[in-house]
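Trainee: For reference, the structure I am asking about is given below.
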Amino acid sequence: MDIQTLIQSLREELNQHNYSYYVLDTPTITDFEFDQKLKQLQELEAQYPEFFDENSPTQRVGGTVTKNFNTVVHDYRMYSLDNSYSKEDLTDWENRIQKALGNVPLQYTCELKYDGASISITYEHGKLKRAVTRGDGFQGDDVTTNIKTIKSIPLQLKGVYPDKFDIRGEIILPFEGFNKMNQELIEIGETPYSNPRNTASGSLKLQDSSEVAKRPLECLLYFIVGNNLNFSTQFDGLETARKWGFKVPKEAKLANSIEEVFEYINYWDIHRHNLPYETDGVVIKVNNLHQQDELGYTAKAPRWAIAYKFKAEQVSTELNSISYQVGRTGSITPVANLKPVQLAGTIVKRASLHNADQIEKLDIRVNDTVFVEKGGEIIPKIIGVDFTKRNPHSNKTEYITHCPECNTELVRIPGEANHYCPNFYGCPPQIIGRIQHFISRKAMDIEGLGGETVALLFNNNLVKDYSDLYELTVEQILPLERMAQKSAENLVNGVQKSKEIPFERVLYALGIRYVGETVAKKLAKHYKNIDSIKNASLLDLILVDEIGEKIAQSVTEFFENQENVKIIERLKQFGVQLELVEKFNPNATNKLDGKTFVVSGVFEKFSRDDLKKAIEDNGGKVGSSISAKTDFVVAGENMGPAKLEKANQLKVSIISENDFIEMIG
């Protein structure tokens, strides 16, 4: 088999595996096997750049940085939908259609209305050509590089298809992925995202496509527009799209009457809560495409389609009390304790009140009757007060001034919504929360030690910070509740084994605000050890690639606290890895020390990864995007025009692959 055939064969095989996993949800090989094949393809493409294909599966990891999203005019306008809120509205809509068509037999395609970000994707000769947001319906933003990272969107179609067409769909974020993203934010003390829809929409406009690739976005397709389409109904169009490789929701159903439409609505009004995505209604379309053409459009919407919006499930209940929770970063969250009420399939007893501003805005008071909704179908939230039932003698809610756990006076940083307890080392929930973060799976991953056990150890005065974990003995732990000999031994052994955890994960485990996994890796790689980070000035930290002022300020403040410094010294004594262990490279030099490089294009003598490694092996830094901090751009074939323009604009030196080889000797 020649090289080009091998490369093409690998691409087709990987595309099929992607389709099986992300569209059919029936994986045919293991993740490891997939990664090995993808690596083989990457190496071949790097070795034979003449066979480059912008729609290769290797391009899904992203990496392109888009500063400005170009505005593109839609070939076919993206209309809005008229909304209906009752069965009567739908009956009136059908009567208008029958009048326009002359009382002919009608079929309808019923589809769930997924709540995400609308997208129009153009395919030419079976390849993904362009992806554009809805915008104002006439024109939108070109987000092609970001869309290509979404694995449920085919880069190359299957079967027989028109030369060119547009397919419309919704970019959505499944609940499971949304909750996971929020949990990771909470772990680093950041504010969680408000709902999946806004998060999905915001993801499309991220400038770095590699960041989009990390988000578990999906695309659900529902409408094809173009010429010479080989189907005559909307329902057949969905089936055809599915055969081409698109992820088309299976919940769509053909209805032969408006009564069957009502049955579909009634069913999903109840069962929508079992779906993995947000949905806020049903879209009903005249099935026959010829009839659609006859009915045409109003100024803003098709006459042949209408959306039925589910009523946001809302209940009223009594607010019994307001309590205040303290997070591990000291952030205070007010919580409404409610008289238990059934809402969207679950019993709701509590709802977040967010912050003092929200309480004041809604004028929420204890003993009020309040209206509760499921925000984004997930988080219960109070949306208002039934003032007709308010006791005229009720008292306005006064937000607490002191920590509910340690009685320290709260502070509120200008520009931030939340109040904080500044008693970093004396407030129990903060201490317990930090230790729980330290032992978590992505941090020190201490086997045999869970969140409840941490609270047990703290409440029995066995630990007051995470360095105390390394002095625990089996004899100390045995008397604790639910602790047997084996459990105690596993805990102590797990703590000792955590000394093998690499420096970047230890740095993340320390719980420095805003220092998540990625930032911890960058700081560890740049500074090599904990003392260098501790001694770095605010300006030094800001100059590190992708470390902004907010992160730098947080790191500086962490090491200015002498308690933190003492804890780190203890961790050193116990043998915790506080220095980067790098593999010895006999060819390493410091010739590029202090220089920052950006790599762009395809190279003859290096793969891109090998080139980046050569830069780092010789003391240089690799930047992800060109900025004023960049010293050199190593340019290969097909260098991105945006990078070329940016380099010229900033007067950054552009060197060839051979220039680089001479530079390192």
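Ordered as shown in the structure tokens, chains take letters A, B, and onward, while each chain numbers its residues from 1 and ligands are numbered from 1 in the order shown.
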Determine which residues of segment 507-562 of chain A DSSP labels as helix (DSSP H, G or I) from the backbone of this structure, then write them out as a count of residues only.

Mentor: 39

Trainee: Give me the residues of segment 13-83 of chain A that have any atom at most 6 Å from an atom of segment 300-321 of chain A; for each, the nearest atom pair and the distance in Å, rounded to one decimal. Use only C-alpha atoms, sort by chain and number, and format it as a tab-separated table.

Mentor:
residue	atom	partner	partner_atom	distance
A:Tyr79	CA	A:Ala301	CA	5.3
A:Ser80	CA	A:Ala301	CA	5.1
A:Leu81	CA	A:Ala301	CA	5.2
A:Asp82	CA	A:Ile306	CA	5.3
A:Asn83	CA	A:Ala307	CA	4.8

Trainee: Contacts between segment 507-519 of chain A and segment 394-439 of chain A, please, where a residue of segment 394-439 of chain A counts if it comes within 9 Å (with only C-alpha atoms); show its shortest atom pair and distance in Å to one decimal, rows by chain and ascending number, as a tab-separated table.

Mentor:
residue	atom	partner	partner_atom	distance
A:Arg434	CA	A:Gly511	CA	6.3
A:Ile435	CA	A:Ala509	CA	8.7
A:His437	CA	A:Ala509	CA	6.4
A:Phe438	CA	A:Ala509	CA	4.4
A:Ile439	CA	A:Ala509	CA	7.3

Trainee: Within 7 Å of Glu579 of chain A, counting only C-alpha atoms, which residues qualify if same-chain residues fewer than 5 places away don't, as a list in words?

Mentor: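 Near Glu579 of chain A, the qualifying residues are Phe503, Lys528, Asn529 and Ile530 of chain A.
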
Trainee: Using N, CA and C atoms, can you write the selected residues to a file as a CSV table (one decimal), in the first residue's frame?

Mentor:
chain,number,residue,atom,x,y,z
A,503,PHE,N,5.1,17.1,40.6
A,503,PHE,CA,5.0,18.5,41.1
A,503,PHE,C,3.8,19.3,40.6
A,528,LYS,N,9.9,25.3,37.4
A,528,LYS,CA,10.6,24.1,37.8
A,528,LYS,C,10.4,23.6,39.3
A,529,ASN,N,10.3,24.6,40.2
A,529,ASN,CA,10.2,24.2,41.6
A,529,ASN,C,9.4,25.2,42.4
A,530,ILE,N,8.9,24.8,43.6
A,530,ILE,CA,8.0,25.7,44.4
A,530,ILE,C,8.7,27.0,44.9

Trainee: Excluding Phe223 of chain A and residues on its chain fewer than 2 positions from it, collect all residues at most 7 Å away from it, counting only C-alpha atoms, and give them as a PDB file with N, CA, C and O atoms, in the first residue's frame.

Mentor:
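The result, stored in result.pdb:
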ATOM      1  N   ILE A 167     -26.644  22.507   6.176  1.00  0.00           N
ATOM      2  CA  ILE A 167     -27.437  21.775   7.166  1.00  0.00           C
ATOM      3  C   ILE A 167     -27.478  22.596   8.442  1.00  0.00           C
ATOM      4  O   ILE A 167     -26.466  23.166   8.867  1.00  0.00           O
ATOM      5  N   ARG A 168     -28.663  22.706   9.038  1.00  0.00           N
ATOM      6  CA  ARG A 168     -28.852  23.533  10.232  1.00  0.00           C
ATOM      7  C   ARG A 168     -28.995  22.633  11.460  1.00  0.00           C
ATOM      8  O   ARG A 168     -29.545  21.533  11.395  1.00  0.00           O
ATOM      9  N   GLY A 169     -28.511  23.131  12.560  1.00  0.00           N
ATOM     10  CA  GLY A 169     -28.597  22.362  13.792  1.00  0.00           C
ATOM     11  C   GLY A 169     -28.379  23.226  15.010  1.00  0.00           C
ATOM     12  O   GLY A 169     -28.303  24.457  14.925  1.00  0.00           O
ATOM     13  N   LEU A 221     -28.573  17.860  14.431  1.00  0.00           N
ATOM     14  CA  LEU A 221     -28.970  18.445  13.148  1.00  0.00           C
ATOM     15  C   LEU A 221     -30.452  18.203  12.859  1.00  0.00           C
ATOM     16  O   LEU A 221     -30.992  17.154  13.226  1.00  0.00           O
ATOM     17  N   VAL A 225     -30.949  22.534   3.644  1.00  0.00           N
ATOM     18  CA  VAL A 225     -31.382  23.449   2.576  1.00  0.00           C
ATOM     19  C   VAL A 225     -30.373  23.391   1.439  1.00  0.00           C
ATOM     20  O   VAL A 225     -29.165  23.282   1.665  1.00  0.00           O
TER      21      VAL A 225
END

Trainee: Just to confirm, what's the straight-line distance from atom CA of Val474 of chain A to atom CA of Ile501 of chain A in Å (one decimal)?

Mentor: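 The value is 22.0 Å.
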
Trainee: Excluding same-chain residues fewer than 3 positions from Asn367 of chain A, what lies within 12 Å of it counting only C-alpha atoms, as a list in words?

Mentor: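 The neighbour list is Thr317, Glu318, Leu319, Asn320, Ser321, Ile322, Ala336, Asn337, Leu338, Lys339, Ile364, Val370, Val385, Asp386, Phe387, Lys389, Arg390, Asn391, Pro392, His393, Ser394, Asn395, Lys396 and Thr397 of chain A.
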
Trainee: For the residues in that selection, give me N, CA, C and O atoms as an mmCIF file, in the first residue's frame.

Mentor:
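Result written to out35.cif:
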data_model
loop_
_atom_site.group_PDB
_atom_site.id
_atom_site.type_symbol
_atom_site.label_atom_id
_atom_site.label_comp_id
_atom_site.auth_asym_id
_atom_site.auth_seq_id
_atom_site.Cartn_x
_atom_site.Cartn_y
_atom_site.Cartn_z
ATOM 1 N N THR A 317 -43.969 27.884 47.002
ATOM 2 C CA THR A 317 -43.800 27.236 48.297
ATOM 3 C C THR A 317 -43.339 28.281 49.305
ATOM 4 O O THR A 317 -43.073 29.432 48.947
ATOM 5 N N GLU A 318 -43.221 27.867 50.556
ATOM 6 C CA GLU A 318 -42.841 28.827 51.595
ATOM 7 C C GLU A 318 -41.338 28.804 51.841
ATOM 8 O O GLU A 318 -40.701 27.748 51.826
ATOM 9 N N LEU A 319 -40.807 29.995 52.073
ATOM 10 C CA LEU A 319 -39.403 30.132 52.441
ATOM 11 C C LEU A 319 -39.306 30.074 53.966
ATOM 12 O O LEU A 319 -39.720 30.999 54.659
ATOM 13 N N ASN A 320 -38.778 28.954 54.459
ATOM 14 C CA ASN A 320 -38.714 28.773 55.917
ATOM 15 C C ASN A 320 -37.582 29.547 56.568
ATOM 16 O O ASN A 320 -37.731 30.093 57.666
ATOM 17 N N SER A 321 -36.442 29.580 55.895
ATOM 18 C CA SER A 321 -35.284 30.276 56.469
ATOM 19 C C SER A 321 -34.232 30.482 55.396
ATOM 20 O O SER A 321 -34.306 29.905 54.309
ATOM 21 N N ILE A 322 -33.254 31.336 55.715
ATOM 22 C CA ILE A 322 -32.096 31.539 54.833
ATOM 23 C C ILE A 322 -30.854 31.154 55.628
ATOM 24 O O ILE A 322 -30.641 31.661 56.736
ATOM 25 N N ALA A 336 -31.754 29.308 50.244
ATOM 26 C CA ALA A 336 -33.143 29.344 50.699
ATOM 27 C C ALA A 336 -33.553 27.947 51.134
ATOM 28 O O ALA A 336 -33.445 26.993 50.361
ATOM 29 N N ASN A 337 -33.998 27.810 52.361
ATOM 30 C CA ASN A 337 -34.521 26.534 52.859
ATOM 31 C C ASN A 337 -36.041 26.569 52.719
ATOM 32 O O ASN A 337 -36.712 27.385 53.347
ATOM 33 N N LEU A 338 -36.564 25.698 51.866
ATOM 34 C CA LEU A 338 -37.964 25.768 51.458
ATOM 35 C C LEU A 338 -38.804 24.662 52.095
ATOM 36 O O LEU A 338 -38.285 23.602 52.465
ATOM 37 N N LYS A 339 -40.086 24.913 52.164
ATOM 38 C CA LYS A 339 -41.019 23.847 52.477
ATOM 39 C C LYS A 339 -40.980 22.893 51.286
ATOM 40 O O LYS A 339 -41.150 23.322 50.136
ATOM 41 N N ILE A 364 -36.545 39.333 48.938
ATOM 42 C CA ILE A 364 -36.945 38.047 49.521
ATOM 43 C C ILE A 364 -36.870 38.117 51.045
ATOM 44 O O ILE A 364 -35.863 38.581 51.598
ATOM 45 N N VAL A 370 -42.798 31.971 47.807
ATOM 46 C CA VAL A 370 -41.915 32.284 46.679
ATOM 47 C C VAL A 370 -42.213 31.367 45.500
ATOM 48 O O VAL A 370 -42.741 30.268 45.662
ATOM 49 N N VAL A 385 -41.413 36.647 44.342
ATOM 50 C CA VAL A 385 -42.161 36.543 45.601
ATOM 51 C C VAL A 385 -43.635 36.811 45.320
ATOM 52 O O VAL A 385 -43.973 37.693 44.516
ATOM 53 N N ASP A 386 -44.517 36.043 45.944
ATOM 54 C CA ASP A 386 -45.958 36.309 45.853
ATOM 55 C C ASP A 386 -46.307 37.344 46.926
ATOM 56 O O ASP A 386 -46.575 37.008 48.082
ATOM 57 N N PHE A 387 -46.246 38.615 46.520
ATOM 58 C CA PHE A 387 -46.437 39.705 47.490
ATOM 59 C C PHE A 387 -47.861 39.748 48.046
ATOM 60 O O PHE A 387 -48.096 40.325 49.109
ATOM 61 N N LYS A 389 -49.366 37.395 49.349
ATOM 62 C CA LYS A 389 -49.423 36.542 50.540
ATOM 63 C C LYS A 389 -48.426 36.969 51.619
ATOM 64 O O LYS A 389 -48.240 36.259 52.605
ATOM 65 N N ARG A 390 -47.771 38.110 51.422
ATOM 66 C CA ARG A 390 -46.757 38.528 52.393
ATOM 67 C C ARG A 390 -47.402 39.080 53.658
ATOM 68 O O ARG A 390 -48.363 39.856 53.599
ATOM 69 N N ASN A 391 -46.846 38.683 54.782
ATOM 70 C CA ASN A 391 -47.259 39.246 56.073
ATOM 71 C C ASN A 391 -46.845 40.713 56.112
ATOM 72 O O ASN A 391 -45.669 41.042 55.926
ATOM 73 N N PRO A 392 -47.785 41.628 56.348
ATOM 74 C CA PRO A 392 -47.439 43.065 56.348
ATOM 75 C C PRO A 392 -46.400 43.433 57.409
ATOM 76 O O PRO A 392 -45.785 44.496 57.332
ATOM 77 N N HIS A 393 -46.214 42.578 58.383
ATOM 78 C CA HIS A 393 -45.254 42.877 59.455
ATOM 79 C C HIS A 393 -43.909 42.173 59.249
ATOM 80 O O HIS A 393 -43.085 42.123 60.169
ATOM 81 N N SER A 394 -43.708 41.623 58.052
ATOM 82 C CA SER A 394 -42.440 40.908 57.808
ATOM 83 C C SER A 394 -41.270 41.884 57.791
ATOM 84 O O SER A 394 -41.431 43.071 57.497
ATOM 85 N N ASN A 395 -40.107 41.371 58.100
ATOM 86 C CA ASN A 395 -38.903 42.209 58.162
ATOM 87 C C ASN A 395 -38.030 41.997 56.931
ATOM 88 O O ASN A 395 -37.871 40.874 56.456
ATOM 89 N N LYS A 396 -37.467 43.076 56.446
ATOM 90 C CA LYS A 396 -36.552 43.026 55.302
ATOM 91 C C LYS A 396 -35.339 42.168 55.676
ATOM 92 O O LYS A 396 -34.847 42.229 56.798
ATOM 93 N N THR A 397 -34.884 41.369 54.729
ATOM 94 C CA THR A 397 -33.728 40.496 54.987
ATOM 95 C C THR A 397 -32.443 41.311 55.080
ATOM 96 O O THR A 397 -32.124 42.092 54.166
#

Trainee: Would you return as a PDB file with all heavy atoms, in the first residue's frame the members of segment 360-423 of chain A that DSSP assigns to strand (DSSP E or B) on this structure's backbone?

Mentor:
ATOM      1  N   THR A 369     -44.087  33.562  50.516  1.00  0.00           N
ATOM      2  CA  THR A 369     -44.401  32.537  49.524  1.00  0.00           C
ATOM      3  C   THR A 369     -43.634  32.907  48.267  1.00  0.00           C
ATOM      4  O   THR A 369     -43.772  34.022  47.753  1.00  0.00           O
ATOM      5  CB  THR A 369     -45.908  32.484  49.233  1.00  0.00           C
ATOM      6  OG1 THR A 369     -46.589  32.089  50.434  1.00  0.00           O
ATOM      7  CG2 THR A 369     -46.220  31.487  48.128  1.00  0.00           C
ATOM      8  N   VAL A 370     -42.798  31.971  47.807  1.00  0.00           N
ATOM      9  CA  VAL A 370     -41.915  32.284  46.679  1.00  0.00           C
ATOM     10  C   VAL A 370     -42.213  31.367  45.500  1.00  0.00           C
ATOM     11  O   VAL A 370     -42.741  30.268  45.662  1.00  0.00           O
ATOM     12  CB  VAL A 370     -40.429  32.153  47.080  1.00  0.00           C
ATOM     13  CG1 VAL A 370     -40.055  33.205  48.113  1.00  0.00           C
ATOM     14  CG2 VAL A 370     -40.118  30.753  47.606  1.00  0.00           C
ATOM     15  N   PHE A 371     -41.867  31.860  44.294  1.00  0.00           N
ATOM     16  CA  PHE A 371     -42.020  31.062  43.074  1.00  0.00           C
ATOM     17  C   PHE A 371     -40.665  30.442  42.733  1.00  0.00           C
ATOM     18  O   PHE A 371     -39.653  31.140  42.673  1.00  0.00           O
ATOM     19  CB  PHE A 371     -42.499  31.932  41.914  1.00  0.00           C
ATOM     20  CG  PHE A 371     -43.833  32.573  42.163  1.00  0.00           C
ATOM     21  CD1 PHE A 371     -43.952  33.949  42.344  1.00  0.00           C
ATOM     22  CD2 PHE A 371     -44.990  31.800  42.227  1.00  0.00           C
ATOM     23  CE1 PHE A 371     -45.176  34.536  42.578  1.00  0.00           C
ATOM     24  CE2 PHE A 371     -46.231  32.385  42.463  1.00  0.00           C
ATOM     25  CZ  PHE A 371     -46.327  33.756  42.644  1.00  0.00           C
ATOM     26  N   VAL A 372     -40.691  29.119  42.516  1.00  0.00           N
ATOM     27  CA  VAL A 372     -39.443  28.389  42.252  1.00  0.00           C
ATOM     28  C   VAL A 372     -39.507  27.736  40.879  1.00  0.00           C
ATOM     29  O   VAL A 372     -40.520  27.157  40.502  1.00  0.00           O
ATOM     30  CB  VAL A 372     -39.210  27.295  43.326  1.00  0.00           C
ATOM     31  CG1 VAL A 372     -37.853  26.618  43.119  1.00  0.00           C
ATOM     32  CG2 VAL A 372     -39.314  27.874  44.719  1.00  0.00           C
ATOM     33  N   GLU A 373     -38.414  27.877  40.111  1.00  0.00           N
ATOM     34  CA  GLU A 373     -38.277  27.237  38.808  1.00  0.00           C
ATOM     35  C   GLU A 373     -36.985  26.444  38.806  1.00  0.00           C
ATOM     36  O   GLU A 373     -36.083  26.712  39.583  1.00  0.00           O
ATOM     37  CB  GLU A 373     -38.182  28.288  37.688  1.00  0.00           C
ATOM     38  CG  GLU A 373     -39.493  28.648  37.057  1.00  0.00           C
ATOM     39  CD  GLU A 373     -39.302  29.569  35.854  1.00  0.00           C
ATOM     40  OE1 GLU A 373     -38.146  29.722  35.409  1.00  0.00           O
ATOM     41  OE2 GLU A 373     -40.292  30.140  35.388  1.00  0.00           O
ATOM     42  N   LYS A 374     -36.922  25.475  37.877  1.00  0.00           N
ATOM     43  CA  LYS A 374     -35.643  24.800  37.649  1.00  0.00           C
ATOM     44  C   LYS A 374     -34.878  25.620  36.625  1.00  0.00           C
ATOM     45  O   LYS A 374     -35.248  25.668  35.456  1.00  0.00           O
ATOM     46  CB  LYS A 374     -35.874  23.380  37.116  1.00  0.00           C
ATOM     47  CG  LYS A 374     -36.121  22.350  38.198  1.00  0.00           C
ATOM     48  CD  LYS A 374     -34.808  21.772  38.727  1.00  0.00           C
ATOM     49  CE  LYS A 374     -35.063  20.639  39.700  1.00  0.00           C
ATOM     50  NZ  LYS A 374     -35.033  19.336  39.067  1.00  0.00           N
ATOM     51  N   GLY A 375     -33.806  26.280  37.042  1.00  0.00           N
ATOM     52  CA  GLY A 375     -32.992  27.077  36.127  1.00  0.00           C
ATOM     53  C   GLY A 375     -32.258  26.158  35.174  1.00  0.00           C
ATOM     54  O   GLY A 375     -31.479  25.335  35.599  1.00  0.00           O
ATOM     55  N   ILE A 379     -30.897  23.496  38.085  1.00  0.00           N
ATOM     56  CA  ILE A 379     -30.711  24.087  39.407  1.00  0.00           C
ATOM     57  C   ILE A 379     -31.973  24.836  39.834  1.00  0.00           C
ATOM     58  O   ILE A 379     -32.415  25.756  39.135  1.00  0.00           O
ATOM     59  CB  ILE A 379     -29.512  25.052  39.400  1.00  0.00           C
ATOM     60  CG1 ILE A 379     -28.262  24.326  38.898  1.00  0.00           C
ATOM     61  CG2 ILE A 379     -29.267  25.633  40.778  1.00  0.00           C
ATOM     62  CD1 ILE A 379     -27.178  25.243  38.418  1.00  0.00           C
ATOM     63  N   PRO A 380     -32.570  24.468  40.955  1.00  0.00           N
ATOM     64  CA  PRO A 380     -33.740  25.223  41.428  1.00  0.00           C
ATOM     65  C   PRO A 380     -33.355  26.669  41.741  1.00  0.00           C
ATOM     66  O   PRO A 380     -32.296  26.921  42.328  1.00  0.00           O
ATOM     67  CB  PRO A 380     -34.152  24.480  42.706  1.00  0.00           C
ATOM     68  CG  PRO A 380     -33.459  23.162  42.647  1.00  0.00           C
ATOM     69  CD  PRO A 380     -32.223  23.372  41.856  1.00  0.00           C
ATOM     70  N   LYS A 381     -34.211  27.586  41.326  1.00  0.00           N
ATOM     71  CA  LYS A 381     -33.932  28.991  41.639  1.00  0.00           C
ATOM     72  C   LYS A 381     -35.236  29.703  41.971  1.00  0.00           C
ATOM     73  O   LYS A 381     -36.311  29.352  41.465  1.00  0.00           O
ATOM     74  CB  LYS A 381     -33.223  29.682  40.481  1.00  0.00           C
ATOM     75  CG  LYS A 381     -34.039  29.771  39.200  1.00  0.00           C
ATOM     76  CD  LYS A 381     -33.276  30.524  38.129  1.00  0.00           C
ATOM     77  CE  LYS A 381     -34.086  30.614  36.838  1.00  0.00           C
ATOM     78  NZ  LYS A 381     -33.374  31.346  35.785  1.00  0.00           N
ATOM     79  N   ILE A 382     -35.134  30.692  42.836  1.00  0.00           N
ATOM     80  CA  ILE A 382     -36.296  31.513  43.197  1.00  0.00           C
ATOM     81  C   ILE A 382     -36.378  32.650  42.197  1.00  0.00           C
ATOM     82  O   ILE A 382     -35.410  33.394  42.009  1.00  0.00           O
ATOM     83  CB  ILE A 382     -36.167  32.040  44.636  1.00  0.00           C
ATOM     84  CG1 ILE A 382     -36.265  30.859  45.614  1.00  0.00           C
ATOM     85  CG2 ILE A 382     -37.227  33.081  44.935  1.00  0.00           C
ATOM     86  CD1 ILE A 382     -36.064  31.225  47.062  1.00  0.00           C
ATOM     87  N   ILE A 383     -37.534  32.769  41.531  1.00  0.00           N
ATOM     88  CA  ILE A 383     -37.668  33.792  40.495  1.00  0.00           C
ATOM     89  C   ILE A 383     -38.526  34.972  40.935  1.00  0.00           C
ATOM     90  O   ILE A 383     -38.630  35.962  40.222  1.00  0.00           O
ATOM     91  CB  ILE A 383     -38.244  33.186  39.202  1.00  0.00           C
ATOM     92  CG1 ILE A 383     -39.605  32.552  39.481  1.00  0.00           C
ATOM     93  CG2 ILE A 383     -37.290  32.194  38.592  1.00  0.00           C
ATOM     94  CD1 ILE A 383     -40.404  32.267  38.244  1.00  0.00           C
ATOM     95  N   GLY A 384     -39.148  34.850  42.111  1.00  0.00           N
ATOM     96  CA  GLY A 384     -39.965  35.966  42.570  1.00  0.00           C
ATOM     97  C   GLY A 384     -40.706  35.647  43.855  1.00  0.00           C
ATOM     98  O   GLY A 384     -40.631  34.535  44.382  1.00  0.00           O
ATOM     99  N   VAL A 385     -41.413  36.647  44.342  1.00  0.00           N
ATOM    100  CA  VAL A 385     -42.161  36.543  45.601  1.00  0.00           C
ATOM    101  C   VAL A 385     -43.635  36.811  45.320  1.00  0.00           C
ATOM    102  O   VAL A 385     -43.973  37.693  44.516  1.00  0.00           O
ATOM    103  CB  VAL A 385     -41.625  37.573  46.628  1.00  0.00           C
ATOM    104  CG1 VAL A 385     -42.448  37.557  47.896  1.00  0.00           C
ATOM    105  CG2 VAL A 385     -40.154  37.307  46.924  1.00  0.00           C
ATOM    106  N   HIS A 402     -21.149  38.712  59.484  1.00  0.00           N
ATOM    107  CA  HIS A 402     -20.074  37.890  60.025  1.00  0.00           C
ATOM    108  C   HIS A 402     -20.228  36.441  59.564  1.00  0.00           C
ATOM    109  O   HIS A 402     -21.347  35.986  59.287  1.00  0.00           O
ATOM    110  CB  HIS A 402     -20.068  37.953  61.556  1.00  0.00           C
ATOM    111  CG  HIS A 402     -19.630  39.284  62.080  1.00  0.00           C
ATOM    112  ND1 HIS A 402     -20.417  40.424  61.987  1.00  0.00           N
ATOM    113  CD2 HIS A 402     -18.467  39.673  62.690  1.00  0.00           C
ATOM    114  CE1 HIS A 402     -19.782  41.452  62.519  1.00  0.00           C
ATOM    115  NE2 HIS A 402     -18.599  41.024  62.949  1.00  0.00           N
ATOM    116  N   GLU A 409     -15.684  38.929  60.652  1.00  0.00           N
ATOM    117  CA  GLU A 409     -16.399  39.910  59.842  1.00  0.00           C
ATOM    118  C   GLU A 409     -16.123  39.656  58.356  1.00  0.00           C
ATOM    119  O   GLU A 409     -14.974  39.453  57.950  1.00  0.00           O
ATOM    120  CB  GLU A 409     -15.970  41.331  60.212  1.00  0.00           C
ATOM    121  CG  GLU A 409     -16.823  42.389  59.523  1.00  0.00           C
ATOM    122  CD  GLU A 409     -16.568  43.792  60.045  1.00  0.00           C
ATOM    123  OE1 GLU A 409     -15.775  43.948  60.991  1.00  0.00           O
ATOM    124  OE2 GLU A 409     -17.173  44.734  59.509  1.00  0.00           O
ATOM    125  N   VAL A 411     -15.879  40.278  54.229  1.00  0.00           N
ATOM    126  CA  VAL A 411     -15.394  41.350  53.351  1.00  0.00           C
ATOM    127  C   VAL A 411     -16.025  41.158  51.979  1.00  0.00           C
ATOM    128  O   VAL A 411     -16.418  40.056  51.604  1.00  0.00           O
ATOM    129  CB  VAL A 411     -13.854  41.333  53.223  1.00  0.00           C
ATOM    130  CG1 VAL A 411     -13.199  41.610  54.558  1.00  0.00           C
ATOM    131  CG2 VAL A 411     -13.359  40.010  52.648  1.00  0.00           C
ATOM    132  N   TYR A 420     -16.890  37.398  51.350  1.00  0.00           N
ATOM    133  CA  TYR A 420     -15.902  36.378  51.719  1.00  0.00           C
ATOM    134  C   TYR A 420     -15.575  36.439  53.198  1.00  0.00           C
ATOM    135  O   TYR A 420     -15.575  37.509  53.807  1.00  0.00           O
ATOM    136  CB  TYR A 420     -14.597  36.575  50.927  1.00  0.00           C
ATOM    137  CG  TYR A 420     -14.728  36.259  49.460  1.00  0.00           C
ATOM    138  CD1 TYR A 420     -15.135  37.233  48.548  1.00  0.00           C
ATOM    139  CD2 TYR A 420     -14.467  34.984  48.979  1.00  0.00           C
ATOM    140  CE1 TYR A 420     -15.276  36.943  47.202  1.00  0.00           C
ATOM    141  CE2 TYR A 420     -14.602  34.681  47.632  1.00  0.00           C
ATOM    142  CZ  TYR A 420     -15.005  35.666  46.756  1.00  0.00           C
ATOM    143  OH  TYR A 420     -15.150  35.380  45.424  1.00  0.00           O
TER     144      TYR A 420
END

Trainee: Between atom CA of Arg505 of chain A and atom CA of Leu578 of chain A, what is the distance, to one decimal in Å?

Mentor: 9.6 Å

Trainee: Would you mind listing what lies within 7 Å of segment 136-151 of chain A as a list in words, with only C-alpha atoms counted and same-chain residues fewer than 2 positions away left out?

Mentor: Asn18, Tyr22, Arg60, Val61, Gly62, Thr64, Phe69, Asn70, Thr71, Val72, Val73, His74, Arg77, Met78, Tyr79, Arg130, Ala131, Val132, Thr133, Arg134, Ile153, Leu204, Ser209, Val212, Ala213, Leu217 and Glu218 of chain A

Trainee: Could you write out that same residue set with C-alpha atoms as a short mmCIF file (atom, residue, chain, number, x, y, z; two decimals), in the first residue's frame?

Mentor:
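Wrote it out as part_5.cif, contents follow:
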data_model
loop_
_atom_site.label_atom_id
_atom_site.label_comp_id
_atom_site.auth_asym_id
_atom_site.auth_seq_id
_atom_site.Cartn_x
_atom_site.Cartn_y
_atom_site.Cartn_z
CA ASN A 18 -15.65 8.70 15.51
CA TYR A 22 -20.11 10.03 19.02
CA ARG A 60 -10.17 17.99 15.55
CA VAL A 61 -7.83 18.86 18.45
CA GLY A 62 -7.92 22.51 17.43
CA THR A 64 -6.04 27.76 15.60
CA PHE A 69 -14.53 36.11 13.54
CA ASN A 70 -15.32 37.10 9.95
CA THR A 71 -18.91 37.97 9.10
CA VAL A 72 -20.40 35.70 6.41
CA VAL A 73 -23.69 36.17 4.54
CA HIS A 74 -25.89 33.05 4.66
CA ARG A 77 -31.54 32.95 5.32
CA MET A 78 -31.90 31.48 8.83
CA TYR A 79 -35.44 32.34 9.88
CA ARG A 130 -17.75 26.39 6.52
CA ALA A 131 -19.78 26.85 9.73
CA VAL A 132 -21.60 30.09 10.51
CA THR A 133 -23.63 31.21 13.54
CA ARG A 134 -27.23 32.41 13.14
CA ILE A 153 -20.03 16.70 13.33
CA LEU A 204 -18.41 28.97 19.74
CA SER A 209 -10.04 26.30 19.13
CA VAL A 212 -13.28 24.47 22.41
CA ALA A 213 -11.99 20.93 21.75
CA LEU A 217 -20.12 19.90 22.92
CA GLU A 218 -22.47 18.06 20.57
#
